[in-house]
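The file structure-v6.txt comes next; it holds compact mmCIF, C-alpha atoms and all ligand atoms.
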```txt
# COMPACT_ATOMS: atom_id res chain seq x y z
CA MET D 1 -91.12 107.21 -34.53
CA THR D 2 -92.19 108.95 -31.30
CA GLN D 3 -91.58 107.42 -27.86
CA GLU D 4 -95.36 106.91 -27.53
CA ASN D 5 -95.42 104.96 -30.82
CA ARG D 6 -92.31 102.91 -29.96
CA SER D 7 -93.85 101.80 -26.70
CA TRP D 8 -96.79 100.14 -28.50
CA GLU D 9 -94.37 98.15 -30.67
CA ASP D 10 -92.35 97.20 -27.57
CA ARG D 11 -95.47 95.95 -25.83
CA TYR D 12 -96.40 93.70 -28.76
CA GLN D 13 -92.80 92.42 -28.98
CA LYS D 14 -92.86 91.59 -25.24
CA LYS D 15 -96.42 90.21 -25.42
CA ASP D 16 -97.42 92.75 -22.74
CA THR D 17 -100.85 93.14 -24.36
CA PRO D 18 -103.59 92.36 -21.82
CA TRP D 19 -106.25 93.90 -24.14
CA ASP D 20 -105.46 91.35 -26.86
CA SER D 21 -108.33 89.00 -26.09
CA GLY D 22 -108.10 86.73 -29.13
CA ILE D 23 -111.92 86.56 -29.24
CA PRO D 24 -114.23 88.82 -31.25
CA SER D 25 -115.78 91.52 -29.08
CA THR D 26 -119.21 90.50 -27.77
CA GLU D 27 -120.23 94.16 -27.79
CA LEU D 28 -119.27 94.56 -31.46
CA THR D 29 -121.27 91.43 -32.33
CA ARG D 30 -124.26 92.71 -30.34
CA CYS D 31 -124.21 96.11 -32.09
CA LEU D 32 -123.96 94.57 -35.56
CA ASP D 33 -127.03 92.47 -34.76
CA GLN D 34 -129.07 95.10 -32.92
CA PHE D 35 -128.50 97.89 -35.44
CA GLN D 36 -128.52 95.57 -38.43
CA ILE D 37 -125.19 96.88 -39.69
CA SER D 38 -124.79 94.91 -42.87
CA PRO D 39 -121.54 94.20 -44.75
CA CYS D 40 -119.93 97.36 -46.12
CA ARG D 41 -116.52 99.06 -46.27
CA VAL D 42 -115.21 99.30 -42.68
CA LEU D 43 -112.15 100.98 -41.18
CA GLU D 44 -110.82 99.55 -37.92
CA MET D 45 -108.46 102.01 -36.21
CA GLY D 46 -105.83 100.61 -33.81
CA CYS D 47 -106.78 97.06 -34.80
CA GLY D 48 -104.01 95.31 -32.80
CA THR D 49 -103.58 91.70 -33.89
CA GLY D 50 -106.71 91.83 -36.00
CA THR D 51 -109.16 89.56 -34.15
CA ASN D 52 -112.12 91.86 -34.80
CA ALA D 53 -110.93 92.74 -38.32
CA VAL D 54 -110.86 89.05 -39.26
CA PHE D 55 -114.24 88.51 -37.60
CA LEU D 56 -115.74 91.39 -39.63
CA ALA D 57 -114.24 89.98 -42.84
CA GLN D 58 -115.76 86.60 -42.01
CA LYS D 59 -119.14 88.38 -41.74
CA GLY D 60 -118.64 89.74 -45.27
CA PHE D 61 -117.33 93.25 -44.49
CA GLN D 62 -114.62 94.77 -46.70
CA VAL D 63 -112.10 95.59 -43.99
CA THR D 64 -109.19 98.03 -43.81
CA ALA D 65 -107.44 97.55 -40.47
CA VAL D 66 -104.69 99.86 -39.25
CA ASP D 67 -102.19 99.72 -36.44
CA LEU D 68 -98.84 101.30 -35.64
CA SER D 69 -97.28 98.03 -34.58
CA GLY D 70 -95.61 95.94 -37.28
CA GLN D 71 -95.71 92.92 -34.98
CA ALA D 72 -99.48 93.28 -34.43
CA ILE D 73 -100.12 93.73 -38.16
CA GLU D 74 -98.01 90.65 -38.97
CA GLU D 75 -100.09 88.60 -36.51
CA GLY D 76 -103.27 90.00 -38.05
CA ARG D 77 -102.16 88.98 -41.54
CA MET D 78 -101.44 85.48 -40.28
CA LYS D 79 -104.90 85.22 -38.66
CA ALA D 80 -106.55 86.36 -41.90
CA ARG D 81 -104.56 83.78 -43.91
CA GLN D 82 -105.54 81.04 -41.46
CA ALA D 83 -109.19 82.08 -41.61
CA GLY D 84 -109.09 82.29 -45.42
CA VAL D 85 -110.35 85.90 -45.56
CA GLN D 86 -109.09 89.12 -47.12
CA VAL D 87 -108.28 92.04 -44.81
CA ASP D 88 -106.39 95.11 -45.99
CA PHE D 89 -103.99 95.35 -43.02
CA ARG D 90 -101.89 98.52 -42.92
CA GLN D 91 -99.05 99.39 -40.60
CA ALA D 92 -99.56 103.15 -40.22
CA ASP D 93 -100.04 105.98 -37.76
CA VAL D 94 -103.76 106.70 -37.93
CA LEU D 95 -103.08 110.23 -36.64
CA ASN D 96 -100.60 110.99 -39.40
CA ALA D 97 -102.92 111.33 -42.39
CA PRO D 98 -102.72 107.91 -44.02
CA GLU D 99 -104.63 107.50 -47.30
CA PHE D 100 -107.34 104.83 -47.42
CA GLY D 101 -109.26 105.85 -50.54
CA GLU D 102 -113.04 106.17 -50.57
CA PRO D 103 -114.84 107.06 -47.30
CA PHE D 104 -116.02 104.18 -45.11
CA ALA D 105 -119.66 103.40 -44.30
CA PHE D 106 -118.61 102.00 -40.90
CA LEU D 107 -115.70 102.96 -38.64
CA PHE D 108 -114.82 100.94 -35.55
CA ASP D 109 -112.38 100.95 -32.71
CA ARG D 110 -111.94 98.93 -29.57
CA GLY D 111 -109.60 100.87 -27.33
CA PHE D 112 -108.24 103.40 -29.83
CA TYR D 113 -110.32 106.55 -29.30
CA HIS D 114 -109.48 106.56 -25.58
CA VAL D 115 -105.76 106.43 -26.52
CA ALA D 116 -105.87 108.86 -29.46
CA ARG D 117 -107.77 111.59 -27.58
CA ARG D 118 -104.84 111.89 -25.19
CA VAL D 119 -102.24 112.07 -27.95
CA ASP D 120 -103.92 114.31 -30.53
CA LEU D 121 -107.65 114.82 -30.15
CA GLU D 122 -107.87 117.31 -32.99
CA GLY D 123 -105.96 114.96 -35.29
CA PHE D 124 -108.30 112.10 -34.37
CA GLN D 125 -111.39 114.24 -35.05
CA LYS D 126 -109.96 115.07 -38.49
CA VAL D 127 -109.36 111.36 -39.22
CA LEU D 128 -112.98 110.52 -38.37
CA HIS D 129 -114.19 113.30 -40.62
CA GLN D 130 -111.81 112.52 -43.49
CA HIS D 131 -112.64 108.81 -43.66
CA SER D 132 -116.42 109.00 -43.23
CA GLU D 133 -119.29 110.52 -45.20
CA PRO D 134 -122.79 111.63 -44.23
CA GLY D 135 -124.63 108.61 -42.82
CA SER D 136 -121.47 106.64 -41.92
CA LEU D 137 -121.65 104.85 -38.57
CA TYR D 138 -118.85 104.98 -36.00
CA LEU D 139 -118.74 102.50 -33.11
CA THR D 140 -116.21 103.13 -30.36
CA LEU D 141 -115.59 100.88 -27.36
CA ALA D 142 -113.76 102.98 -24.76
CA GLY D 143 -112.79 102.87 -21.09
CA ASN D 144 -115.45 104.30 -18.75
CA ALA D 145 -114.54 106.85 -16.06
CA ASN D 146 -117.57 105.83 -13.95
CA GLU D 147 -115.38 103.04 -12.58
CA ALA D 148 -112.03 103.78 -10.95
CA SER D 149 -109.16 101.77 -12.38
CA PRO D 150 -107.65 99.32 -9.87
CA GLU D 151 -104.07 100.45 -9.19
CA GLY D 152 -103.97 102.40 -12.42
CA GLU D 153 -104.54 99.26 -14.49
CA GLY D 154 -106.96 98.75 -17.33
CA PRO D 155 -107.83 101.08 -20.18
CA PRO D 156 -107.64 104.88 -20.13
CA ARG D 157 -111.07 106.14 -19.08
CA VAL D 158 -113.33 108.80 -20.43
CA HIS D 159 -116.48 110.54 -19.13
CA ALA D 160 -119.73 110.51 -21.11
CA HIS D 161 -119.78 114.30 -21.33
CA GLU D 162 -116.20 114.31 -22.71
CA MET D 163 -117.15 111.82 -25.42
CA CYS D 164 -120.20 113.81 -26.38
CA LEU D 165 -118.20 117.02 -26.53
CA GLU D 166 -115.34 115.49 -28.51
CA LEU D 167 -117.31 113.47 -31.07
CA SER D 168 -120.40 115.55 -31.68
CA THR D 169 -118.93 118.11 -34.10
CA TRP D 170 -119.43 115.80 -37.05
CA PHE D 171 -121.50 112.96 -35.56
CA ASP D 172 -124.92 112.53 -33.95
CA LEU D 173 -125.14 110.11 -31.07
CA VAL D 174 -127.25 107.04 -31.86
CA VAL D 175 -126.74 105.30 -28.52
CA LEU D 176 -124.27 105.41 -25.63
CA HIS D 177 -124.36 102.75 -22.96
CA GLU D 178 -122.16 100.96 -20.49
CA PHE D 179 -120.78 97.49 -21.16
CA ARG D 180 -117.91 95.36 -19.90
CA PHE D 181 -114.87 94.53 -22.03
CA ASP D 182 -114.44 90.79 -22.44
CA GLY D 183 -111.56 88.41 -22.94
CA ILE D 184 -109.02 90.37 -20.85
CA VAL D 185 -106.88 88.51 -18.31
CA ARG D 186 -105.05 90.27 -15.45
CA ASN D 187 -102.80 88.45 -13.00
CA GLY D 188 -104.17 85.17 -14.32
CA HIS D 189 -107.82 86.18 -13.71
CA PRO D 190 -110.55 87.45 -16.03
CA PHE D 191 -110.69 91.26 -15.85
CA ARG D 192 -113.77 93.01 -17.21
CA PRO D 193 -113.29 96.78 -17.01
CA LEU D 194 -116.32 98.99 -17.49
CA GLY D 195 -116.54 100.52 -20.94
CA TRP D 196 -118.62 102.87 -23.05
CA SER D 197 -120.16 101.55 -26.21
CA GLY D 198 -120.89 104.60 -28.34
CA LEU D 199 -122.56 104.37 -31.72
CA TRP D 200 -122.52 107.58 -33.78
CA ARG D 201 -123.86 108.57 -37.17
CA ARG D 202 -122.10 111.15 -39.36
CA LYS D 203 -124.21 114.26 -39.79
CA ALA D 204 -125.57 115.26 -43.19
C1 LIG A 1 -105.64 99.18 -26.39
S1 LIG A 1 -104.91 98.60 -27.86
C2 LIG A 1 -106.33 97.88 -28.65
C3 LIG A 1 -105.96 96.96 -29.79
C4 LIG A 1 -107.15 96.25 -30.46
N1 LIG A 1 -108.14 97.18 -30.92
C5 LIG A 1 -107.75 95.22 -29.56
O1 LIG A 1 -108.91 95.38 -29.15
O2 LIG A 1 -107.05 94.22 -29.25
C6 LIG A 1 -104.65 100.10 -28.79
C7 LIG A 1 -104.04 99.85 -30.15
O3 LIG A 1 -103.87 101.10 -30.83
C8 LIG A 1 -102.63 101.06 -31.52
N2 LIG A 1 -102.22 102.46 -31.74
C9 LIG A 1 -101.88 103.38 -30.80
N3 LIG A 1 -101.65 104.57 -31.37
C10 LIG A 1 -101.83 104.40 -32.72
C11 LIG A 1 -101.74 105.25 -33.86
N4 LIG A 1 -101.41 106.54 -33.73
N5 LIG A 1 -102.01 104.75 -35.08
C12 LIG A 1 -102.35 103.44 -35.23
N6 LIG A 1 -102.45 102.58 -34.19
C13 LIG A 1 -102.21 103.04 -32.95
C14 LIG A 1 -101.69 100.28 -30.63
O4 LIG A 1 -100.58 99.75 -31.31
C15 LIG A 1 -102.66 99.21 -30.09
O5 LIG A 1 -102.67 98.09 -30.92
```
Go through the file and emit its structure as structure tokens.
Ligand SMILES: C[S@@+](CC[C@H](N)C(=O)[O-])C[C@H]1O[C@@H](n2cnc3c(N)ncnc32)[C@H](O)[C@@H]1O
Amino acid sequence: MTQENRSWEDRYQKKDTPWDSGIPSTELTRCLDQFQISPCRVLEMGCGTGTNAVFLAQKGFQVTAVDLSGQAIEEGRMKARQAGVQVDFRQADVLNAPEFGEPFAFLFDRGFYHVARRVDLEGFQKVLHQHSEPGSLYLTLAGNANEASPEGEGPPRVHAHEMCLELSTWFDLVVLHEFRFDGIVRNGHPFRPLGWSGLWRRKA
């Protein structure tokens, strides 16, 4: 395991996980409604403790949810059991060619693309390509470089032009707009960093 990968596990072990809101993402919910994304096979990359994966399963999606951290995946499995839904949780390195079977009609991440692009952008692009098919939708919720991070806190941030450059080889942009992450607490106060909500459709 690399140092980068170990540090994610350490953070879950120490509960140093400010992004782990425990509530389904309002932006994910909004996109499902607005774009009428109906239940299908979905891959959540960097799913953390599985709040959104369980939420998607409750909405009828067939969910595969992947994270490096064994602790996070264990918590996800517990949440799914408590909610009485099936989620195929996998502890794996998304950037190290895991096998998930058939391509997914919907791919989702909240806070994974903005991490993965710094570690292995080319590897991440390959993953998106490998696990999608023409017409698949990809929704990414990423930190937004239009807002400076207070004292280096909050998510890694990306510019709109970087996203467009990095994701447009295989995907057409459906819509890119700003939103605020919800459910994050910093120093005991709600913290709502600016994000990008980018919905993409795999090219024919
Ligand atoms: C910012 S957190 C977001 C977690 C979750 N999506 C959420 O919203 O709570 C990024 C997640 O990506 C996971 N991660 C980082 N690198 C990974 C990799 N190469 N493969 C799989 N998961 C990874 C981390 O363990 C962490 O759970």
*Expected selection as number ranges by chain for ligand LIG 1 (chain A) within 6 Å, all atoms listed in the file*: D: 8, 19-20, 46-48, 66-69, 92-95, 109-112
*Compile the contact shell of D:Lys59 as a PyMOL selection string: residues with an atom at most 9 Å away, counting all atoms listed in the file, same-chain residues fewer than 5 positions apart removed.*
chain D and resi 38-39+54
Selection to disk with C-alpha atoms, as a CSV table (one decimal), in the frame of the given file:
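Dumped everything to again33.csv:
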```
chain,number,residue,atom,x,y,z
D,38,SER,CA,-124.8,94.9,-42.9
D,39,PRO,CA,-121.5,94.2,-44.8
D,54,VAL,CA,-110.9,89.0,-39.3
```
*Name the closest residue to D:Thr49 among the candidates D:Gly76, D:Gly135, D:Gly70, D:Gly22; distances are taken between atoms, counting all atoms listed in the file.*
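With all atoms listed in the file as the atom set, the closest residue is D:Gly76.
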*asked:* Please determine, counting all atoms listed in the file, which residue among D:Arg202, D:Lys15, D:Arg157, D:His189 has the shortest atom-to-atom distance to D:Ala116.
replied: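 Among D:Arg202, D:Lys15, D:Arg157, D:His189, it is D:Arg157 that comes nearest to D:Ala116.
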*Please tell me which residues are no farther than 12 Å from (-109.4, 92.3, -45.7) in the file, counting only C-alpha atoms, and write them as a ChimeraX atom specification.*
/D:40-44,50-66,76-81,83-90
Close residues, D:Pro134 itself excluded, 12 Å, all atoms listed in the file, min 3 positions apart in chain, as a PDB file with C-alpha atoms, in the frame of the given file:
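Output contents, as saved in out.pdb:
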```pdb
ATOM      1  CA  PRO D 103    -114.840 107.060 -47.300  1.00  0.00           C
ATOM      2  CA  PHE D 104    -116.020 104.180 -45.110  1.00  0.00           C
ATOM      3  CA  ALA D 105    -119.660 103.400 -44.300  1.00  0.00           C
ATOM      4  CA  PHE D 106    -118.610 102.000 -40.900  1.00  0.00           C
ATOM      5  CA  LEU D 128    -112.980 110.520 -38.370  1.00  0.00           C
ATOM      6  CA  HIS D 129    -114.190 113.300 -40.620  1.00  0.00           C
ATOM      7  CA  GLN D 130    -111.810 112.520 -43.490  1.00  0.00           C
ATOM      8  CA  HIS D 131    -112.640 108.810 -43.660  1.00  0.00           C
ATOM      9  CA  LEU D 137    -121.650 104.850 -38.570  1.00  0.00           C
ATOM     10  CA  TYR D 138    -118.850 104.980 -36.000  1.00  0.00           C
ATOM     11  CA  TRP D 170    -119.430 115.800 -37.050  1.00  0.00           C
ATOM     12  CA  PHE D 171    -121.500 112.960 -35.560  1.00  0.00           C
ATOM     13  CA  ASP D 172    -124.920 112.530 -33.950  1.00  0.00           C
ATOM     14  CA  TRP D 200    -122.520 107.580 -33.780  1.00  0.00           C
ATOM     15  CA  ARG D 201    -123.860 108.570 -37.170  1.00  0.00           C
ATOM     16  CA  ARG D 202    -122.100 111.150 -39.360  1.00  0.00           C
ATOM     17  CA  LYS D 203    -124.210 114.260 -39.790  1.00  0.00           C
ATOM     18  CA  ALA D 204    -125.570 115.260 -43.190  1.00  0.00           C
TER      19      ALA D 204
END
```
*Quick one, how far is atom CA of D:Val119 from atom CA of D:Trp196?*
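Between these atoms lies a distance of 19.4 Å.
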*Using only C-alpha atoms, pick whichever of D:Ala97, D:Leu141, D:Leu165, D:Leu32 has the shortest atom-to-atom distance to D:Asp182.*
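The closest residue to D:Asp182 is D:Leu141.
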_Computed interatomic separation between atom CA of D:Glu166 and atom CA of D:Leu199 (Å)_ =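 Spanning atom CA of D:Glu166 to atom CA of D:Leu199 is a straight-line distance of 13.6 Å.
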*Fewer than 2 positions away in the same chain doesn't count, so skip those; otherwise give me all residues within 12 Å of D:Asn187, counting all atoms listed in the file, as a PyMOL selection string.*
chain D and resi 16+18+153-154+184-185+189-191
*asked:* Env of D:Leu176: 12 Å cut, atoms = all atoms listed in the file, seq-sep filter 5 positions within chain, self excluded. Answer as a PyMOL selection string.
replied: chain D and resi 31+138-142+144+159-161+163-164+167+195-201
Quick one: write out the picked residues with C-alpha atoms as a compact mmCIF listing (two decimals), in the coordinates of the input?
```
# COMPACT_ATOMS: atom_id res chain seq x y z
CA CYS D 31 -124.21 96.11 -32.09
CA TYR D 138 -118.85 104.98 -36.00
CA LEU D 139 -118.74 102.50 -33.11
CA THR D 140 -116.21 103.13 -30.36
CA LEU D 141 -115.59 100.88 -27.36
CA ALA D 142 -113.76 102.98 -24.76
CA ASN D 144 -115.45 104.30 -18.75
CA HIS D 159 -116.48 110.54 -19.13
CA ALA D 160 -119.73 110.51 -21.11
CA HIS D 161 -119.78 114.30 -21.33
CA MET D 163 -117.15 111.82 -25.42
CA CYS D 164 -120.20 113.81 -26.38
CA LEU D 167 -117.31 113.47 -31.07
CA GLY D 195 -116.54 100.52 -20.94
CA TRP D 196 -118.62 102.87 -23.05
CA SER D 197 -120.16 101.55 -26.21
CA GLY D 198 -120.89 104.60 -28.34
CA LEU D 199 -122.56 104.37 -31.72
CA TRP D 200 -122.52 107.58 -33.78
CA ARG D 201 -123.86 108.57 -37.17
```
*Counting only C-alpha atoms, the option among D:Glu75, D:Pro98, D:Leu28, D:Phe35 closest to D:Val174*: D:Phe35
*Distance criterion (all atoms listed in the file): nearest to D:Ser149 out of D:His177, D:Arg192, D:Arg117, D:Lys126*: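 Closest to D:Ser149 of all the choices is D:Arg192.
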*State, in Å with one decimal place, the distance from atom CA of D:Tyr113 to atom CA of D:Gly143.*
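The value is 9.3 Å.
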*Find, counting all atoms listed in the file, the residue in D:Ala145, D:Glu99, D:Arg186, D:Gln71 that gets nearest to D:Arg6.*
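Residue with the minimum atom-to-atom distance to D:Arg6: D:Gln71.
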Produce the centre coordinates and the three edge lengths, each in Å to one decimal, of the box along x, y and z that contains all listed atoms of stretch 151-165 of chain D with 5 Å added on each side, as AutoDock Vina command-line options.
```
--center_x -112.1 --center_y 107.9 --center_z -17.9 --size_x 26.2 --size_y 28.3 --size_z 27.3
```
